[in-house]
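Novice: This is structure39.pdb (PDB, C-alpha atoms).
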ATOM      1  CA  MET A  14       0.000   0.000   0.000
ATOM      2  CA  LYS A  15       1.379   3.315  -0.970
ATOM      3  CA  THR A  16       1.282   5.933   1.743
ATOM      4  CA  THR A  17       2.351   9.516   1.608
ATOM      5  CA  PRO A  18       3.543  11.879   4.316
ATOM      6  CA  GLU A  19       0.347  13.844   3.794
ATOM      7  CA  ALA A  20      -1.670  10.797   4.840
ATOM      8  CA  THR A  21      -0.321  11.097   8.355
ATOM      9  CA  GLY A  22      -0.842  14.818   8.652
ATOM     10  CA  LEU A  23       2.878  15.230   9.263
ATOM     11  CA  GLU A  24       5.926  15.478   7.073
ATOM     12  CA  ARG A  25       8.291  12.520   7.139
ATOM     13  CA  PRO A  26      11.774  13.515   8.243
ATOM     14  CA  ARG A  27      13.872  14.399   5.218
ATOM     15  CA  SER A  28      16.554  11.901   4.333
ATOM     16  CA  THR A  29      19.207  14.645   4.108
ATOM     17  CA  GLY A  30      18.567  15.714   7.679
ATOM     18  CA  SER A  31      18.506  12.105   8.841
ATOM     19  CA  TRP A  32      21.847  11.347   7.178
ATOM     20  CA  ARG A  33      23.345  14.477   8.738
ATOM     21  CA  ILE A  34      22.217  13.476  12.238
ATOM     22  CA  LEU A  35      23.470   9.924  11.785
ATOM     23  CA  ALA A  36      26.826  11.107  10.408
ATOM     24  CA  THR A  37      27.225  13.578  13.282
ATOM     25  CA  VAL A  38      26.619  10.903  15.919
ATOM     26  CA  PHE A  39      29.006   8.440  14.276
ATOM     27  CA  GLY A  40      31.645  11.134  13.785
ATOM     28  CA  ALA A  41      31.473  12.139  17.437
ATOM     29  CA  LEU A  42      31.867   8.527  18.552
ATOM     30  CA  VAL A  43      34.813   7.930  16.220
ATOM     31  CA  LEU A  44      36.504  11.100  17.469
ATOM     32  CA  PHE A  45      35.810  10.005  21.027
ATOM     33  CA  ALA A  46      37.471   6.619  20.381
ATOM     34  CA  VAL A  47      40.502   8.178  18.651
ATOM     35  CA  VAL A  48      41.116  10.628  21.492
ATOM     36  CA  LEU A  49      40.927   7.863  24.071
ATOM     37  CA  ARG A  50      43.335   5.791  22.004
ATOM     38  CA  PHE A  51      46.075   8.348  22.625
ATOM     39  CA  VAL A  52      45.275   8.734  26.310
ATOM     40  CA  ASP A  53      46.288   6.316  29.015
ATOM     41  CA  PRO A  54      43.683   3.520  28.575
ATOM     42  CA  VAL A  55      44.071   2.373  32.178
ATOM     43  CA  ARG A  56      42.693   5.669  33.439
ATOM     44  CA  PHE A  57      39.695   5.334  31.115
ATOM     45  CA  ALA A  58      38.848   1.648  31.373
ATOM     46  CA  TRP A  59      35.159   2.580  31.280
ATOM     47  CA  SER A  60      35.583   3.610  27.642
ATOM     48  CA  SER A  61      36.228   0.013  26.595
ATOM     49  CA  ASN A  62      33.018  -1.146  28.245
ATOM     50  CA  PHE A  63      30.993   1.675  26.689
ATOM     51  CA  LEU A  64      32.301   1.034  23.168
ATOM     52  CA  LEU A  65      31.946  -2.739  23.565
ATOM     53  CA  VAL A  66      28.259  -2.532  24.515
ATOM     54  CA  PHE A  67      27.543   0.147  21.911
ATOM     55  CA  ASN A  68      29.210  -1.715  19.040
ATOM     56  CA  ALA A  69      27.655  -5.045  19.991
ATOM     57  CA  LEU A  70      24.158  -3.568  19.923
ATOM     58  CA  LEU A  71      24.737  -1.934  16.536
ATOM     59  CA  ILE A  72      26.219  -5.048  14.942
ATOM     60  CA  GLU A  73      23.436  -7.318  16.184
ATOM     61  CA  ALA A  74      20.509  -5.031  15.390
ATOM     62  CA  THR A  75      21.473  -3.420  12.069
ATOM     63  CA  PRO A  76      20.565  -6.448   9.866
ATOM     64  CA  PHE A  77      17.046  -6.469  11.304
ATOM     65  CA  ILE A  78      16.718  -2.733  10.699
ATOM     66  CA  LEU A  79      17.641  -3.284   7.045
ATOM     67  CA  LEU A  80      15.305  -6.267   6.688
ATOM     68  CA  GLY A  81      12.449  -4.322   8.232
ATOM     69  CA  ALA A  82      13.077  -1.407   5.857
ATOM     70  CA  LEU A  83      13.089  -3.730   2.823
ATOM     71  CA  VAL A  84       9.817  -5.433   3.754
ATOM     72  CA  SER A  85       8.044  -2.279   4.929
ATOM     73  CA  ALA A  86       8.924  -0.476   1.698
ATOM     74  CA  ALA A  87       7.679  -3.426  -0.358
ATOM     75  CA  ILE A  88       4.321  -3.329   1.433
ATOM     76  CA  GLN A  89       3.994   0.419   0.905
ATOM     77  CA  VAL A  90       4.938   0.415  -2.781
ATOM     78  CA  PHE A  91       3.830  -2.919  -4.242
ATOM     79  CA  MET A  92       0.864  -4.076  -2.150
ATOM     80  CA  SER A  93      -2.583  -3.098  -3.373
ATOM     81  CA  PRO A  94      -5.153  -1.692  -0.913
ATOM     82  CA  ARG A  95      -7.356  -4.623  -1.946
ATOM     83  CA  ALA A  96      -5.111  -6.900   0.099
ATOM     84  CA  PHE A  97      -6.457  -5.225   3.236
ATOM     85  CA  ALA A  98      -9.985  -4.676   1.972
ATOM     86  CA  THR A  99     -11.040  -8.222   2.888
ATOM     87  CA  LEU A 100     -10.823  -7.248   6.557
ATOM     88  CA  GLY A 101     -13.758  -4.911   6.031
ATOM     89  CA  ARG A 102     -15.954  -7.799   4.824
ATOM     90  CA  ILE A 103     -15.408  -9.858   7.980
ATOM     91  CA  PRO A 104     -18.253  -9.719  10.565
ATOM     92  CA  ARG A 105     -17.598  -6.846  12.943
ATOM     93  CA  SER A 106     -17.429  -9.175  15.954
ATOM     94  CA  LEU A 107     -14.444 -10.929  14.364
ATOM     95  CA  GLN A 108     -12.661  -7.887  12.982
ATOM     96  CA  LEU A 109     -10.522  -7.245  16.068
ATOM     97  CA  PRO A 110      -8.927 -10.732  16.220
ATOM     98  CA  ALA A 111      -8.662 -10.799  12.405
ATOM     99  CA  ALA A 112      -6.897  -7.419  12.456
ATOM    100  CA  ALA A 113      -4.509  -8.696  15.138
ATOM    101  CA  VAL A 114      -3.657 -11.743  13.001
ATOM    102  CA  ALA A 115      -3.170  -9.493   9.962
ATOM    103  CA  GLY A 116      -0.844  -7.315  12.023
ATOM    104  CA  MET A 117       1.207 -10.384  12.919
ATOM    105  CA  ALA A 118       1.550 -11.245   9.236
ATOM    106  CA  PHE A 119       2.659  -7.845   7.911
ATOM    107  CA  PRO A 120       6.124  -6.596   8.946
ATOM    108  CA  VAL A 121       5.256  -2.908   9.156
ATOM    109  CA  CYS A 122       7.218  -0.689  11.532
ATOM    110  CA  GLU A 123       5.349   1.447  14.038
ATOM    111  CA  CYS A 124       5.684   4.602  11.904
ATOM    112  CA  GLY A 125       4.422   2.784   8.803
ATOM    113  CA  SER A 126       1.488   1.178  10.590
ATOM    114  CA  VAL A 127      -0.088   4.540  11.481
ATOM    115  CA  PRO A 128      -0.877   5.698   7.908
ATOM    116  CA  VAL A 129      -1.909   2.143   6.962
ATOM    117  CA  ALA A 130      -4.380   2.013   9.850
ATOM    118  CA  ARG A 131      -5.727   5.438   8.959
ATOM    119  CA  ARG A 132      -6.340   4.387   5.368
ATOM    120  CA  LEU A 133      -8.063   1.168   6.517
ATOM    121  CA  ALA A 134     -10.417   3.130   8.784
ATOM    122  CA  ALA A 135     -11.073   5.699   6.056
ATOM    123  CA  LYS A 136     -11.976   2.881   3.643
ATOM    124  CA  GLY A 137     -14.612   1.462   5.988
ATOM    125  CA  LEU A 138     -12.823  -0.931   8.358
ATOM    126  CA  ALA A 139     -14.165  -0.725  11.912
ATOM    127  CA  PRO A 140     -12.088   1.851  13.830
ATOM    128  CA  GLY A 141     -11.336  -0.627  16.614
ATOM    129  CA  ALA A 142      -9.991  -3.146  14.093
ATOM    130  CA  ALA A 143      -7.823  -0.504  12.399
ATOM    131  CA  ILE A 144      -6.278   0.459  15.749
ATOM    132  CA  THR A 145      -5.747  -3.213  16.625
ATOM    133  CA  PHE A 146      -3.840  -3.707  13.374
ATOM    134  CA  MET A 147      -1.827  -0.531  13.950
ATOM    135  CA  LEU A 148      -0.646  -1.649  17.403
ATOM    136  CA  ALA A 149      -0.195  -5.370  16.698
ATOM    137  CA  ALA A 150       1.833  -5.073  13.481
ATOM    138  CA  PRO A 151       5.014  -3.502  14.895
ATOM    139  CA  VAL A 152       5.181  -5.636  18.048
ATOM    140  CA  ALA A 153       4.153  -9.099  16.834
ATOM    141  CA  ASN A 154       5.263  -9.396  13.196
ATOM    142  CA  PRO A 155       7.709 -12.137  12.094
ATOM    143  CA  ILE A 156      10.779  -9.888  11.816
ATOM    144  CA  VAL A 157      10.285  -8.502  15.317
ATOM    145  CA  ILE A 158       9.769 -11.970  16.782
ATOM    146  CA  ALA A 159      12.884 -13.227  14.957
ATOM    147  CA  SER A 160      14.975 -10.334  16.278
ATOM    148  CA  THR A 161      13.687 -11.022  19.803
ATOM    149  CA  TYR A 162      14.735 -14.669  19.434
ATOM    150  CA  VAL A 163      18.240 -13.692  18.291
ATOM    151  CA  ALA A 164      18.634 -11.095  21.058
ATOM    152  CA  TYR A 165      17.759 -13.598  23.809
ATOM    153  CA  LYS A 166      19.197 -16.754  22.250
ATOM    154  CA  GLY A 167      21.101 -18.787  24.828
ATOM    155  CA  ARG A 168      19.319 -17.264  27.821
ATOM    156  CA  SER A 169      17.005 -19.136  30.136
ATOM    157  CA  ILE A 170      14.237 -16.576  29.521
ATOM    158  CA  LEU A 171      14.338 -16.986  25.723
ATOM    159  CA  TRP A 172      10.863 -18.468  25.211
ATOM    160  CA  VAL A 173       9.306 -16.284  27.895
ATOM    161  CA  MET A 174      10.471 -13.236  25.966
ATOM    162  CA  VAL A 175       9.536 -14.539  22.510
ATOM    163  CA  PHE A 176       6.064 -15.873  23.287
ATOM    164  CA  GLY A 177       5.437 -13.302  26.008
ATOM    165  CA  ARG A 178       6.023 -10.474  23.552
ATOM    166  CA  LEU A 179       3.884 -12.094  20.864
ATOM    167  CA  ILE A 180       0.916 -12.993  23.060
ATOM    168  CA  LEU A 181       0.931  -9.949  25.325
ATOM    169  CA  GLY A 182       1.418  -7.633  22.334
ATOM    170  CA  VAL A 183      -1.667  -9.054  20.629
ATOM    171  CA  ILE A 184      -3.707  -8.833  23.844
ATOM    172  CA  VAL A 185      -2.732  -5.193  24.427
ATOM    173  CA  ALA A 186      -3.529  -4.312  20.800
ATOM    174  CA  MET A 187      -6.963  -5.931  20.981
ATOM    175  CA  CYS A 188      -7.752  -4.231  24.305
ATOM    176  CA  ALA A 189      -6.862  -0.834  22.861
ATOM    177  CA  GLY A 190      -8.941  -1.593  19.772
ATOM    178  CA  TRP A 191     -11.887  -2.577  21.945
ATOM    179  CA  VAL A 192     -11.626   0.663  23.961
ATOM    180  CA  VAL A 193     -11.935   2.833  20.820
ATOM    181  CA  SER A 194     -14.382   0.500  19.041
ATOM    182  CA  ARG A 195     -17.406   2.625  19.978
ATOM    183  CA  GLN A 196     -16.070   5.590  18.077
ATOM    184  CA  THR A 197     -17.107   6.184  14.496
ATOM    185  CA  LYS A 198     -14.672   6.874  11.696
ATOM    186  CA  ASP A 199     -15.474  10.596  11.836
ATOM    187  CA  GLU A 200     -14.931  10.670  15.604
ATOM    188  CA  LEU A 201     -11.583   8.891  15.338
ATOM    189  CA  LEU A 202      -9.886  10.458  12.310
ATOM    190  CA  LYS A 203      -8.889  14.008  11.600
ATOM    191  CA  PRO A 204     -10.549  14.773   8.242
ATOM    192  CA  ARG A 205      -8.380  14.813   5.145
ATOM    193  CA  PRO A 206      -9.514  15.311   1.525
ATOM    194  CA  ASP A 207      -7.461  12.364   0.232
ATOM    195  CA  ASP A 208      -9.303   9.761   2.333
ATOM    196  CA  THR A 209     -11.633   8.986  -0.558
ATOM    197  CA  LEU A 210      -8.901   8.821  -3.200
ATOM    198  CA  GLU A 211      -7.509   5.577  -4.524
ATOM    199  CA  ASP A 212      -3.811   4.876  -4.305
ATOM    200  CA  ASP A 213      -1.969   5.369  -7.570
ATOM    201  CA  HIS A 214       1.142   3.309  -8.154
ATOM    202  CA  GLU A 215       3.861   4.049 -10.589
ATOM    203  CA  HIS A 216       5.078   1.250 -12.831
ATOM    204  CA  GLY A 217       8.425  -0.126 -13.938
ATOM    205  CA  GLU A 218      11.468   1.980 -13.150
ATOM    206  CA  GLY A 219       9.394   4.621 -11.380
ATOM    207  CA  ARG A 220       8.078   2.100  -8.898
ATOM    208  CA  MET A 221      11.536   0.623  -8.254
ATOM    209  CA  ARG A 222      12.931   4.116  -7.711
ATOM    210  CA  GLU A 223      10.143   4.776  -5.238
ATOM    211  CA  TYR A 224      10.826   1.449  -3.516
ATOM    212  CA  PHE A 225      14.530   2.073  -2.978
ATOM    213  CA  GLY A 226      13.750   5.619  -1.900
ATOM    214  CA  HIS A 227      11.485   4.205   0.820
ATOM    215  CA  VAL A 228      14.161   1.681   1.816
ATOM    216  CA  GLY A 229      16.824   4.366   2.190
ATOM    217  CA  ASN A 230      14.591   6.757   4.107
ATOM    218  CA  ASP A 231      13.226   4.057   6.416
ATOM    219  CA  PHE A 232      16.669   2.595   7.118
ATOM    220  CA  VAL A 233      18.151   5.973   8.054
ATOM    221  CA  PHE A 234      15.029   7.026   9.964
ATOM    222  CA  MET A 235      15.063   3.837  12.071
ATOM    223  CA  GLY A 236      18.856   3.599  12.234
ATOM    224  CA  ARG A 237      19.347   6.944  13.920
ATOM    225  CA  PHE A 238      17.069   5.861  16.777
ATOM    226  CA  LEU A 239      19.069   2.633  17.091
ATOM    227  CA  VAL A 240      22.309   4.642  17.393
ATOM    228  CA  ILE A 241      20.775   6.855  20.089
ATOM    229  CA  GLY A 242      19.284   3.854  21.913
ATOM    230  CA  ALA A 243      22.548   1.901  21.804
ATOM    231  CA  ALA A 244      24.452   4.908  23.160
ATOM    232  CA  VAL A 245      21.985   5.370  26.018
ATOM    233  CA  ALA A 246      22.032   1.645  26.883
ATOM    234  CA  ALA A 247      25.845   1.603  26.859
ATOM    235  CA  ALA A 248      25.959   4.744  29.016
ATOM    236  CA  VAL A 249      23.532   3.263  31.556
ATOM    237  CA  GLN A 250      25.544   0.040  31.747
ATOM    238  CA  THR A 251      28.818   1.956  32.103
ATOM    239  CA  PHE A 252      28.188   5.047  34.178
ATOM    240  CA  ILE A 253      25.203   4.453  36.467
ATOM    241  CA  PRO A 254      26.218   2.650  39.670
ATOM    242  CA  GLN A 255      24.552  -0.675  40.402
ATOM    243  CA  SER A 256      23.593   0.699  43.820
ATOM    244  CA  LEU A 257      21.169   3.043  42.053
ATOM    245  CA  ILE A 258      19.838   0.571  39.461
ATOM    246  CA  ASN A 259      19.253  -2.468  41.682
ATOM    247  CA  PRO A 260      16.571  -0.938  43.960
ATOM    248  CA  ILE A 261      14.553   0.075  40.893
ATOM    249  CA  ALA A 262      15.165  -3.187  39.029
ATOM    250  CA  ASN A 263      14.106  -5.302  42.006
ATOM    251  CA  THR A 264      10.922  -3.389  42.857
ATOM    252  CA  PRO A 265       7.724  -4.700  41.216
ATOM    253  CA  VAL A 266       5.627  -2.115  39.341
ATOM    254  CA  VAL A 267       8.414   0.475  39.631
ATOM    255  CA  SER A 268      10.748  -1.589  37.438
ATOM    256  CA  GLN A 269       8.056  -2.123  34.784
ATOM    257  CA  LEU A 270       7.106   1.554  34.748
ATOM    258  CA  ALA A 271      10.768   2.582  34.570
ATOM    259  CA  MET A 272      11.380   0.386  31.515
ATOM    260  CA  MET A 273       8.190   1.647  29.843
ATOM    261  CA  GLY A 274       9.316   5.214  30.469
ATOM    262  CA  LEU A 275      12.712   4.425  28.969
ATOM    263  CA  ALA A 276      11.065   2.877  25.907
ATOM    264  CA  PHE A 277       8.921   5.994  25.471
ATOM    265  CA  VAL A 278      11.955   8.279  25.537
ATOM    266  CA  LEU A 279      14.282   6.171  23.370
ATOM    267  CA  SER A 280      11.683   5.675  20.591
ATOM    268  CA  LEU A 281      13.505   2.663  19.160
ATOM    269  CA  CYS A 282      12.415   0.759  16.078
ATOM    270  CA  SER A 283      10.697  -2.505  17.022
ATOM    271  CA  GLU A 284      13.045  -4.464  14.742
ATOM    272  CA  SER A 285      16.001  -3.580  16.982
ATOM    273  CA  ASP A 286      14.646  -2.801  20.456
ATOM    274  CA  ALA A 287      15.080  -6.378  21.744
ATOM    275  CA  PHE A 288      18.869  -6.000  21.602
ATOM    276  CA  VAL A 289      18.702  -2.876  23.744
ATOM    277  CA  ALA A 290      16.237  -4.442  26.194
ATOM    278  CA  ALA A 291      18.417  -7.547  26.538
ATOM    279  CA  SER A 292      21.356  -5.349  27.580
ATOM    280  CA  PHE A 293      19.513  -4.284  30.747
ATOM    281  CA  VAL A 294      20.409  -7.504  32.552
ATOM    282  CA  GLN A 295      19.674  -5.993  35.962
ATOM    283  CA  PHE A 296      15.958  -5.995  35.139
ATOM    284  CA  GLY A 297      13.913  -9.186  35.127
ATOM    285  CA  ALA A 298      12.035 -10.733  32.217
ATOM    286  CA  SER A 299       8.751  -9.000  33.070
ATOM    287  CA  SER A 300      10.366  -5.546  33.092
ATOM    288  CA  GLN A 301      12.146  -6.190  29.801
ATOM    289  CA  LEU A 302       8.838  -7.392  28.323
ATOM    290  CA  ALA A 303       7.215  -4.133  29.428
ATOM    291  CA  PHE A 304       9.899  -2.308  27.425
ATOM    292  CA  LEU A 305       9.347  -4.495  24.346
ATOM    293  CA  VAL A 306       5.542  -4.348  24.327
ATOM    294  CA  PHE A 307       5.047  -0.715  25.330
ATOM    295  CA  GLY A 308       7.731   0.912  23.152
ATOM    296  CA  PRO A 309       6.398  -0.053  19.692
ATOM    297  CA  MET A 310       2.932   1.186  20.678
ATOM    298  CA  VAL A 311       3.684   4.418  22.538
ATOM    299  CA  ASP A 312       6.818   6.548  22.237
ATOM    300  CA  THR A 313       7.790  10.125  21.497
ATOM    301  CA  LYS A 314       7.777   9.878  17.697
ATOM    302  CA  LEU A 315       4.461   8.002  17.720
ATOM    303  CA  ALA A 316       2.951  10.661  19.977
ATOM    304  CA  ALA A 317       3.451  13.220  17.196
ATOM    305  CA  LEU A 318       2.060  10.823  14.572
ATOM    306  CA  TYR A 319      -0.993   9.979  16.673
ATOM    307  CA  MET A 320      -1.817  13.606  17.374
ATOM    308  CA  GLY A 321      -1.438  14.491  13.704
ATOM    309  CA  THR A 322      -3.564  11.577  12.492
ATOM    310  CA  TYR A 323      -6.326  11.068  15.050
ATOM    311  CA  ASN A 324      -8.685  13.375  16.837
ATOM    312  CA  ARG A 325      -8.146  14.949  20.225
ATOM    313  CA  GLY A 326      -8.134  12.521  23.131
ATOM    314  CA  PHE A 327      -6.955   9.524  21.133
ATOM    315  CA  PHE A 328      -3.351   9.658  22.353
ATOM    316  CA  ARG A 329      -4.472   9.973  25.972
ATOM    317  CA  THR A 330      -6.767   6.958  25.571
ATOM    318  CA  ILE A 331      -4.044   4.854  23.954
ATOM    319  CA  ILE A 332      -1.342   5.668  26.481
ATOM    320  CA  ILE A 333      -3.627   4.904  29.435
ATOM    321  CA  THR A 334      -4.882   1.636  27.940
ATOM    322  CA  VAL A 335      -1.505   0.378  26.753
ATOM    323  CA  THR A 336       0.176   1.281  30.054
ATOM    324  CA  ALA A 337      -2.485  -0.413  32.189
ATOM    325  CA  VAL A 338      -2.749  -3.645  30.184
ATOM    326  CA  THR A 339       1.018  -3.947  29.713
ATOM    327  CA  LEU A 340       1.638  -3.399  33.426
ATOM    328  CA  VAL A 341      -0.952  -5.970  34.526
ATOM    329  CA  GLY A 342       0.195  -8.491  31.921
ATOM    330  CA  THR A 343       3.885  -8.213  32.763
ATOM    331  CA  LEU A 344       3.179  -8.426  36.495
ATOM    332  CA  TRP A 345       1.365 -11.743  35.960
ATOM    333  CA  ILE A 346       4.210 -12.965  33.785
ATOM    334  CA  GLY A 347       6.546 -12.067  36.632
ATOM    335  CA  VAL A 348       4.412 -14.094  39.039
ATOM    336  CA  PHE A 349       4.458 -17.213  36.858
ATOM    337  CA  PHE A 350       7.987 -17.043  35.429
ATOM    338  CA  GLY A 351       9.934 -14.954  37.939
TER     339      GLY A 351
END
Would you write out, as structure tokens, the structure that this file holds?
Specialist:
Amino acid sequence: MKTTPEATGLERPRSTGSWRILATVFGALVLFAVVLRFVDPVRFAWSSNFLLVFNALLIEATPFILLGALVSAAIQVFMSPRAFATLGRIPRSLQLPAAAVAGMAFPVCECGSVPVARRLAAKGLAPGAAITFMLAAPVANPIVIASTYVAYKGRSILWVMVFGRLILGVIVAMCAGWVVSRQTKDELLKPRPDDTLEDDHEHGEGRMREYFGHVGNDFVFMGRFLVIGAAVAAAVQTFIPQSLINPIANTPVVSQLAMMGLAFVLSLCSESDAFVAASFVQFGASSQLAFLVFGPMVDTKLAALYMGTYNRGFFRTIIITVTAVTLVGTLWIGVFFG
């Protein structure tokens, strides 16, 4: 399905600006490493730990960022809106679970799922089902589940994290969809004149040029958040004393809320966030799950997209619902699996 920046009500970050930010961050880190190389390394042993964690996160997560960009761009450029239209013909009582299953099948990142969900609702899909698809796709699609498996491979909590993220993500998405299901399309969406227009696709070389343009923009857009997230995770592991982290990490509710707050601020791409979450070894499985389920549904970049796409009050409803269901779900997971 082809989507345009205008469909979200916001402009997509320009690739030039994204490249500049990414190049600046990388340049600063390279300069940082070179300077330390000529300084007594014994006095700055912390630098080795910081760079080790940072580089490991980048190396592990970058392939999944690229794969997610390739698949997401293919869906946007080559997939016809008719592929989603069948959801609208399903009985309304079954649209929420059907939308959740569809979200699991389509590897769309959280930024890409917002305009897709808007177009589905504008075309007649029940608003609750459109929101369910929007929230389920970035947290429970095959690429995200595969990256979660790789990030936790070899750990005793591997299957708790993989299946916990999949199942809890779908449950949270359906709960949020159910909460907004009483709203009509006009109550949910901010009006736009292009809602009734059909998507026009270019053909041949034009379509391939559009595809690779999407791939490049999506990769840089998601990659810069990975760089920021990896730097923050490495800094936390290196500079914050364990005496400050352990009380938070070992306190139920507080630890889950802290990881959800971190996910909101970092705004990581769901294809790479498992590698960052797995680096916070002080926190238990339930707290890391809170990070992995909450982040792809509610973060700072999504807040802007939600407020530009949906009517007033929607973001408040989503953040309350997602926070409450994620917190309760992860607490029960903590009870059963420790």
Novice: When you look at stretch 266-269 of chain A with a cut-off of 10 Å (counting only C-alpha atoms), what residues show up, excluding the ones that are within fewer than 4 positions of it in the same chain? I need them as a list in words.
Specialist: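 Once the nearby chain positions are removed, what remains is Ile258, Asn259, Pro260, Ile261, Ala262, Met273, Gly274, Leu275, Phe296, Gly297, Ala298, Ser299, Ser300, Gln301, Leu302, Ala303, Phe304, Thr336, Thr339, Leu340, Val341, Thr343 and Leu344 of chain A.
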Novice: Applied to this file, what does the PyMOL selection byres ((chain A and resi 240) around 10) return in terms of residues, put as JSON, numbers by chain?
Specialist: {"A": [35, 38, 39, 67, 68, 70, 71, 75, 235, 236, 237, 238, 239, 241, 242, 243, 244, 245, 246, 281]}
Novice: Using atom CA of A:Gly308 and atom CA of A:Phe277 as the two end points, give the distance in Å to one decimal.
Specialist: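 Spanning atom CA of A:Gly308 to atom CA of A:Phe277 is a straight-line distance of 5.7 Å.
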Novice: Taking into account all atoms listed in the file, which residue in the set A:Val114, A:Arg222, A:Val335, A:Val173 is nearest to A:Met310?
Specialist: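 Closest residue, counting all atoms listed in the file: A:Val335.
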Novice: Within 8 Å of (2.9, -8.1, 13.2) (file coordinates; only C-alpha atoms), which protein or nucleic acid residues are there? I'd like them as a PyMOL selection string.
Specialist: chain A and resi 113-121+149-155+157
Novice: Once the PyMOL selection byres ((chain A and resi 79) around 12) has been applied to the shown file, what residues remain in the selection, as a ChimeraX atom specification?
Specialist: /A:71-78,80-86,122,156,160,225,227-236,239,282,284-285
Novice: Restricting the calculation to only C-alpha atoms: of A:Gln196, A:Gln295, A:Thr251, A:Ser106, which residue gets closest to A:Ser61?
Specialist: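 That would be A:Thr251, the residue with the smallest distance to A:Ser61.
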Novice: Evaluate the PyMOL selection byres ((chain A and resi 319) around 10) and record the selected residues as a PDB file with C-alpha atoms, in the frame of the given file, following the chain and residue labels used in the document.
Specialist:
ATOM      1  CA  THR A  21      -0.321  11.097   8.355  1.00  0.00           C
ATOM      2  CA  GLY A  22      -0.842  14.818   8.652  1.00  0.00           C
ATOM      3  CA  LEU A  23       2.878  15.230   9.263  1.00  0.00           C
ATOM      4  CA  CYS A 124       5.684   4.602  11.904  1.00  0.00           C
ATOM      5  CA  VAL A 127      -0.088   4.540  11.481  1.00  0.00           C
ATOM      6  CA  PRO A 128      -0.877   5.698   7.908  1.00  0.00           C
ATOM      7  CA  LEU A 202      -9.886  10.458  12.310  1.00  0.00           C
ATOM      8  CA  VAL A 311       3.684   4.418  22.538  1.00  0.00           C
ATOM      9  CA  LYS A 314       7.777   9.878  17.697  1.00  0.00           C
ATOM     10  CA  LEU A 315       4.461   8.002  17.720  1.00  0.00           C
ATOM     11  CA  ALA A 316       2.951  10.661  19.977  1.00  0.00           C
ATOM     12  CA  ALA A 317       3.451  13.220  17.196  1.00  0.00           C
ATOM     13  CA  LEU A 318       2.060  10.823  14.572  1.00  0.00           C
ATOM     14  CA  MET A 320      -1.817  13.606  17.374  1.00  0.00           C
ATOM     15  CA  GLY A 321      -1.438  14.491  13.704  1.00  0.00           C
ATOM     16  CA  THR A 322      -3.564  11.577  12.492  1.00  0.00           C
ATOM     17  CA  TYR A 323      -6.326  11.068  15.050  1.00  0.00           C
ATOM     18  CA  ASN A 324      -8.685  13.375  16.837  1.00  0.00           C
ATOM     19  CA  ARG A 325      -8.146  14.949  20.225  1.00  0.00           C
ATOM     20  CA  GLY A 326      -8.134  12.521  23.131  1.00  0.00           C
ATOM     21  CA  PHE A 327      -6.955   9.524  21.133  1.00  0.00           C
ATOM     22  CA  PHE A 328      -3.351   9.658  22.353  1.00  0.00           C
ATOM     23  CA  ARG A 329      -4.472   9.973  25.972  1.00  0.00           C
ATOM     24  CA  ILE A 331      -4.044   4.854  23.954  1.00  0.00           C
TER      25      ILE A 331
END
Novice: Which residue is closest to A:Arg105? Choose from A:Leu138, A:Leu64, A:Val185, A:Ile333 and count all atoms listed in the file.
Specialist: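 Of A:Leu138, A:Leu64, A:Val185, A:Ile333, the one nearest A:Arg105 is A:Leu138, counting all atoms listed in the file.
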Novice: Please list as a compact mmCIF listing (two decimals) with C-alpha atoms, in the coordinates of the input every residue within 9 Å of A:Val192, counting all atoms listed in the file and excluding residues in the same chain fewer than 6 positions away.
Specialist:
# COMPACT_ATOMS: atom_id res chain seq x y z
CA GLY A 141 -11.34 -0.63 16.61
CA THR A 330 -6.77 6.96 25.57
CA ILE A 331 -4.04 4.85 23.95
CA THR A 334 -4.88 1.64 27.94
Novice: Using all atoms listed in the file, can you tell me which of A:Leu107, A:Leu181, A:Ala142, A:Val306 comes closest to A:Glu123?
Specialist: A:Val306
Novice: What does the distance between atom CA of A:Arg195 and atom CA of A:Arg132 come to in Å, to one decimal place?
Specialist: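 Between atom CA of A:Arg195 and atom CA of A:Arg132 the gap is 18.4 Å.
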Novice: Which one of A:Ile103, A:Val175, A:Val66, A:Ala186 sits closest to A:Phe307 if you count only C-alpha atoms?
Specialist: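 Ranking A:Ile103, A:Val175, A:Val66, A:Ala186 by distance to A:Phe307, first place goes to A:Ala186.
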Novice: With distances taken over only C-alpha atoms, which residue among A:Ala271, A:Ala87, A:Leu148, A:Leu65 lies nearest A:Ala189?
Specialist: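 With only C-alpha atoms as the atom set, the closest residue is A:Leu148.
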Novice: Rounded to one decimal in Å, what is the spacing between atom CA of A:Thr145 and atom CA of A:Met187?
Specialist: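 Here the two named atoms are 5.3 Å from each other.
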Novice: Report as a PyMOL selection string all protein, DNA and RNA residues lying within 10 Å of A:Tyr162, evaluated on only C-alpha atoms, omitting residues in the same chain fewer than 5 positions from it.
Specialist: chain A and resi 156-157+167-168+171-172+174-176+287-288
